[in-house]
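target_20.tsv, holding TSV, C-alpha atoms:
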chain	number	residue	atom	x	y	z
A	20	MET	CA	0.00	0.00	0.00
A	21	ASN	CA	1.35	3.41	-0.99
A	22	PRO	CA	1.97	5.97	1.80
A	23	ALA	CA	0.12	9.27	1.78
A	24	PRO	CA	1.85	11.70	-0.61
A	25	THR	CA	3.43	14.93	0.63
A	26	THR	CA	4.72	16.34	-2.67
A	27	ARG	CA	4.00	15.72	-6.30
A	28	ALA	CA	6.74	14.92	-8.76
A	29	ARG	CA	6.49	15.94	-12.41
A	30	VAL	CA	7.26	14.05	-15.57
A	31	VAL	CA	9.28	14.84	-18.68
A	32	LEU	CA	7.67	13.00	-21.59
A	33	LEU	CA	10.43	12.00	-24.00
A	34	SER	CA	9.21	10.89	-27.41
A	35	GLY	CA	10.72	10.60	-30.86
A	36	PRO	CA	10.98	8.04	-33.66
A	37	SER	CA	12.33	4.59	-32.86
A	38	GLY	CA	16.13	4.83	-32.80
A	39	SER	CA	16.28	8.57	-32.15
A	40	GLY	CA	18.26	8.14	-28.92
A	41	LYS	CA	15.56	8.45	-26.25
A	42	SER	CA	16.80	5.65	-24.03
A	43	SER	CA	20.42	6.78	-24.19
A	44	LEU	CA	19.51	10.36	-23.31
A	45	ALA	CA	17.26	9.25	-20.45
A	46	GLU	CA	20.00	7.01	-19.05
A	47	ARG	CA	22.61	9.79	-19.22
A	48	SER	CA	20.31	12.23	-17.43
A	49	GLY	CA	20.60	10.41	-14.10
A	50	LEU	CA	16.86	10.83	-13.52
A	51	PRO	CA	14.46	7.97	-12.72
A	52	VAL	CA	13.09	6.56	-15.98
A	53	LEU	CA	9.73	4.94	-16.71
A	54	GLN	CA	10.08	2.83	-19.87
A	55	LEU	CA	6.83	3.30	-21.74
A	56	ASP	CA	7.64	0.45	-24.14
A	57	ASP	CA	6.90	-1.89	-21.23
A	58	PHE	CA	3.23	-1.03	-21.72
A	59	TYR	CA	2.97	-2.67	-25.13
A	60	LYS	CA	0.13	-5.14	-25.58
A	61	ASP	CA	0.93	-8.85	-25.55
A	62	GLY	CA	1.56	-10.38	-28.94
A	63	ASP	CA	-1.62	-12.47	-28.80
A	64	ASP	CA	-3.89	-9.52	-27.93
A	65	PRO	CA	-6.75	-9.55	-30.47
A	66	THR	CA	-6.95	-5.74	-30.46
A	67	LEU	CA	-3.44	-5.31	-31.93
A	68	PRO	CA	-3.47	-3.18	-35.11
A	69	LEU	CA	-2.22	-4.63	-38.41
A	70	LEU	CA	0.01	-3.06	-41.03
A	71	PRO	CA	-1.87	-1.68	-44.04
A	72	ASP	CA	-0.59	-4.50	-46.24
A	73	GLY	CA	-1.65	-7.12	-43.69
A	74	SER	CA	1.89	-8.43	-43.29
A	75	GLY	CA	1.86	-8.36	-39.50
A	76	THR	CA	1.32	-6.29	-36.37
A	77	ASP	CA	1.87	-2.55	-36.57
A	78	TRP	CA	4.01	-2.07	-33.46
A	79	ASP	CA	4.51	1.58	-34.40
A	80	SER	CA	0.83	2.39	-33.92
A	81	PRO	CA	-0.31	3.71	-30.53
A	82	LEU	CA	-3.13	1.16	-30.76
A	83	SER	CA	-0.49	-1.50	-29.97
A	84	TRP	CA	0.05	0.07	-26.56
A	85	HIS	CA	-1.82	0.32	-23.23
A	86	ARG	CA	-2.14	4.11	-22.99
A	87	SER	CA	-4.37	4.10	-19.92
A	88	ASP	CA	-2.00	1.82	-17.99
A	89	ALA	CA	0.98	4.04	-18.81
A	90	LEU	CA	-0.88	7.16	-17.71
A	91	ALA	CA	-1.95	5.44	-14.48
A	92	ALA	CA	1.67	4.55	-13.69
A	93	ILE	CA	2.73	8.17	-14.20
A	94	ARG	CA	-0.01	9.35	-11.84
A	95	VAL	CA	1.04	6.91	-9.12
A	96	LEU	CA	4.73	7.77	-9.48
A	97	ALA	CA	3.96	11.48	-9.31
A	98	GLU	CA	1.78	11.12	-6.21
A	99	PHE	CA	3.61	8.45	-4.22
A	100	GLY	CA	7.16	8.30	-5.61
A	101	ARG	CA	6.96	4.58	-6.37
A	102	ALA	CA	4.90	2.30	-8.58
A	103	GLU	CA	4.77	-1.30	-9.72
A	104	VAL	CA	5.35	-1.32	-13.47
A	105	PRO	CA	5.41	-4.15	-16.01
A	106	ILE	CA	8.43	-5.68	-17.72
A	107	TYR	CA	7.91	-6.35	-21.42
A	108	SER	CA	9.95	-9.13	-23.00
A	109	ILE	CA	10.43	-9.10	-26.76
A	110	PRO	CA	11.50	-12.79	-26.85
A	111	ALA	CA	8.41	-13.70	-24.78
A	112	ASN	CA	6.25	-11.44	-26.98
A	113	GLY	CA	4.52	-9.97	-23.95
A	114	ARG	CA	4.74	-8.97	-20.31
A	115	ASP	CA	7.14	-11.00	-18.23
A	116	GLY	CA	6.62	-9.95	-14.60
A	117	SER	CA	6.90	-6.52	-13.00
A	118	HIS	CA	9.19	-4.44	-10.82
A	119	ILE	CA	8.98	-1.50	-8.43
A	120	LEU	CA	10.21	1.83	-9.79
A	121	GLU	CA	11.29	4.26	-7.05
A	122	LEU	CA	11.83	8.00	-7.53
A	123	ALA	CA	13.94	8.19	-4.34
A	124	GLY	CA	12.81	11.76	-3.72
A	125	ALA	CA	13.50	13.03	-7.24
A	126	PRO	CA	11.11	15.90	-8.09
A	127	VAL	CA	11.23	15.04	-11.81
A	128	PHE	CA	11.29	11.74	-13.69
A	129	ILE	CA	11.36	10.78	-17.35
A	130	ALA	CA	8.76	8.69	-19.17
A	131	GLU	CA	10.27	7.72	-22.51
A	132	GLY	CA	8.95	5.86	-25.52
A	133	ILE	CA	7.74	6.36	-29.06
A	134	PHE	CA	4.20	7.02	-27.80
A	135	ALA	CA	5.11	9.44	-24.99
A	136	ALA	CA	3.60	12.40	-26.84
A	137	GLU	CA	0.20	10.68	-26.65
A	138	LEU	CA	0.19	11.56	-22.92
A	139	VAL	CA	1.10	15.25	-23.16
A	140	ALA	CA	-2.44	16.65	-23.00
A	141	ALA	CA	-3.50	14.46	-20.07
A	142	CYS	CA	-0.35	15.15	-18.03
A	143	ALA	CA	-0.58	18.88	-18.69
A	144	ALA	CA	-4.25	18.94	-17.66
A	145	GLU	CA	-3.36	17.26	-14.34
A	146	ASN	CA	-0.37	19.56	-13.67
A	147	LEU	CA	2.03	16.63	-13.93
A	148	LEU	CA	4.04	17.85	-16.92
A	149	ALA	CA	7.53	19.30	-16.51
A	150	ASP	CA	8.33	19.20	-20.24
A	151	ALA	CA	7.55	17.25	-23.40
A	152	LEU	CA	10.34	16.59	-25.88
A	153	CYS	CA	10.56	14.87	-29.25
A	154	LEU	CA	14.08	13.86	-30.26
A	155	ARG	CA	14.77	14.66	-33.90
A	156	ASN	CA	17.68	13.59	-36.13
A	157	ARG	CA	18.28	13.14	-39.82
A	158	PRO	CA	16.13	10.18	-40.92
A	159	LEU	CA	19.16	8.25	-42.22
A	160	THR	CA	20.97	8.71	-38.89
A	161	THR	CA	17.94	7.45	-36.97
A	162	ALA	CA	17.53	4.50	-39.33
A	163	TRP	CA	21.14	3.39	-38.90
A	164	ARG	CA	21.00	3.69	-35.11
A	165	ARG	CA	17.73	1.76	-35.01
A	166	PHE	CA	19.05	-1.02	-37.24
A	167	ARG	CA	22.26	-1.47	-35.23
A	168	ARG	CA	20.30	-1.58	-31.96
A	169	ASP	CA	17.68	-4.02	-33.21
A	170	VAL	CA	20.28	-6.38	-34.69
A	171	ARG	CA	22.38	-6.22	-31.52
A	172	GLU	CA	19.36	-7.04	-29.36
A	173	GLY	CA	18.02	-9.68	-31.76
A	174	ARG	CA	14.60	-8.06	-31.85
A	175	LYS	CA	13.50	-9.48	-35.21
A	176	SER	CA	14.97	-11.10	-38.32
A	177	VAL	CA	17.23	-8.92	-40.47
A	178	PRO	CA	14.81	-8.92	-43.47
A	179	TYR	CA	11.99	-7.76	-41.18
A	180	LEU	CA	14.20	-5.03	-39.69
A	181	LEU	CA	15.20	-3.80	-43.14
A	182	ARG	CA	11.58	-3.58	-44.30
A	183	ARG	CA	10.50	-1.82	-41.11
A	184	GLY	CA	13.52	0.47	-41.21
A	185	TRP	CA	12.79	1.59	-44.76
A	186	ARG	CA	9.14	2.24	-43.90
A	187	LEU	CA	10.00	4.22	-40.75
A	188	MET	CA	12.74	6.24	-42.47
A	189	ARG	CA	10.25	7.39	-45.11
A	190	ALA	CA	7.69	8.19	-42.39
A	191	GLU	CA	10.05	9.88	-39.93
A	192	ARG	CA	9.30	13.51	-40.74
A	193	GLY	CA	5.59	12.79	-40.46
A	194	ILE	CA	6.12	11.03	-37.12
A	195	VAL	CA	7.93	14.08	-35.73
A	196	THR	CA	5.24	16.42	-37.08
A	197	GLN	CA	2.54	14.30	-35.42
A	198	GLN	CA	4.31	14.30	-32.06
A	199	VAL	CA	4.83	18.06	-32.22
A	200	GLY	CA	1.12	18.38	-32.94
A	201	LEU	CA	0.43	16.45	-29.74
A	202	GLY	CA	2.43	19.03	-27.76
A	203	ALA	CA	6.05	17.80	-27.79
A	204	HIS	CA	8.93	20.15	-28.57
A	205	ALA	CA	11.13	18.84	-31.39
A	206	CYS	CA	14.85	19.13	-30.66
A	207	ASN	CA	18.20	17.44	-31.03
A	208	GLY	CA	20.07	15.67	-28.25
A	209	PRO	CA	22.06	18.65	-26.88
A	210	GLU	CA	18.97	20.87	-26.66
A	211	ALA	CA	16.99	18.06	-25.04
A	212	ALA	CA	19.74	17.62	-22.44
A	213	ARG	CA	19.64	21.35	-21.65
A	214	ARG	CA	15.88	21.28	-21.25
A	215	LEU	CA	16.15	18.26	-18.95
A	216	ARG	CA	18.56	20.19	-16.73
A	217	THR	CA	16.09	23.08	-16.64
A	218	ALA	CA	13.22	20.74	-15.79
A	219	THR	CA	15.06	19.28	-12.80
A	220	ALA	CA	15.18	22.76	-11.26
A	221	LEU	CA	11.39	23.01	-11.18
A	222	PRO	CA	9.96	22.91	-7.65
A	223	ALA	CA	7.70	19.97	-6.82
A	224	THR	CA	4.10	21.01	-6.26
A	225	VAL	CA	2.10	20.25	-3.17
A	226	ALA	CA	-0.21	17.30	-3.71
A	227	VAL	CA	-3.93	17.90	-3.59
A	228	SER	CA	-4.77	14.63	-1.82
A	229	ALA	CA	-3.45	13.47	1.55
Rewrite the structure of this file - the entire thing - as structure tokens.
Amino acid sequence: MNPAPTTRARVVLLSGPSGSGKSSLAERSGLPVLQLDDFYKDGDDPTLPLLPDGSGTDWDSPLSWHRSDALAAIRVLAEFGRAEVPIYSIPANGRDGSHILELAGAPVFIAEGIFAAELVAACAAENLLADALCLRNRPLTTAWRRFRRDVREGRKSVPYLLRRGWRLMRAERGIVTQQVGLGAHACNGPEAARRLRTATALPATVAVSA
């Protein structure tokens, strides 16, 4: 059972195309990080969206993701400083247990993932938002980083990764435009790091509930 909150932390929502460097930036920041990719739906979920050509699941659609669960985890972390969050396993094609994420008194934490911008409006409305960033690179740079990461981690077969990479590289500018439309600020890594440092200086707000 969570203790009664005394302060409310705020969240930096870190979005951007797959391979744009979100996880690396979040890790370097030293802030607590909520991995939003852990809220993907299981691979056998009948509500998963399909690619337009019917060749498989569209894992780049927000419909492949539990938005409400991710938002609930952010609320609990902000109020209580700790939350039980899922662990998603790509080899297992679904959730594989859970763990406790602790803020350890940090007034700001990062929630990062390709769908983070989907939560901007809700977090802003609840006074939980410290900042919302969308990492932006040259599409070819992002594609190369994504391919190297996915091969290194054995996420899918190389032919699948090449097809997905080509599709995402062509769509990248549109992805960034969409995330900016949802309220994220498009920026490169150095600017994002500066904004993260600014966000950590924000005072925590007093919680409404006790």
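One distance worth recording is that between CA of Arg157 in chain A and CA of Gln198 in chain A, which is 16.0 Å.
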Exercise. Which protein, DNA or RNA residues are at most 9 Å from (5.3, 10.6, -27.8) in the file's coordinates when you count all atoms listed in the file, listed as a ChimeraX atom specification?
Worked result: /A:32-36,131-139,151-153,197-199,201-203
For this session: Would you please work out which residue, of A:Leu44, A:Lys60, A:Gly200, A:Leu181, is nearest to Asp115 in chain A when using only C-alpha atoms?
Result: A:Lys60
For this session: Pick out the residues sitting within 8 Å of Leu159 in chain A, and hand them over as number ranges by chain; count only C-alpha atoms, and ignore anything fewer than 3 positions along from it in its own chain.
Result: A: 162-163, 188
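Among A:Pro126, A:Pro81, A:Pro158, A:Pro65, the residue with the shortest atom-to-atom distance to Glu98 in chain A, counting all atoms listed in the file, is A:Pro126.
Shortest atom-to-atom contact with Asp79 in chain A among A:Ile93, A:His204, A:Val127, A:Ser37: A:Ser37, counting only C-alpha atoms.
Our summary of the geometry notes that CA of Lys41 in chain A is positioned 29.0 Å from CA of Gly73 in chain A.
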Would you compute, for all listed atoms of range 179-186 of chain A, the axis-aligned bounding box grown by 8 Å on each side, and then report its centre and edge lengths in Å rounded to one decimal, as lines of an AutoDock Vina configuration file?
center_x = 12.2
center_y = -2.8
center_z = -42.2
size_x = 22.1
size_y = 26.0
size_z = 21.1
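Minimum atom-to-atom distance to Ser39 in chain A, evaluated using only C-alpha atoms, belongs to A:Arg155 out of A:Arg155, A:Arg94, A:Arg86, A:Arg114.
You can rank A:Ala211, A:Trp185, A:Gly62, A:Gly193 by their closest distance to Pro110 in chain A using only C-alpha atoms, and at the top of that list sits A:Gly62.
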Problem set entry | From A:Pro105, A:Pro71, A:Gly116, A:Gly100, residue lying nearest Arg186 in chain A [only C-alpha atoms] | A:Pro71
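The space separating CA of Tyr107 in chain A from CA of Ile119 in chain A comes to 13.9 Å.
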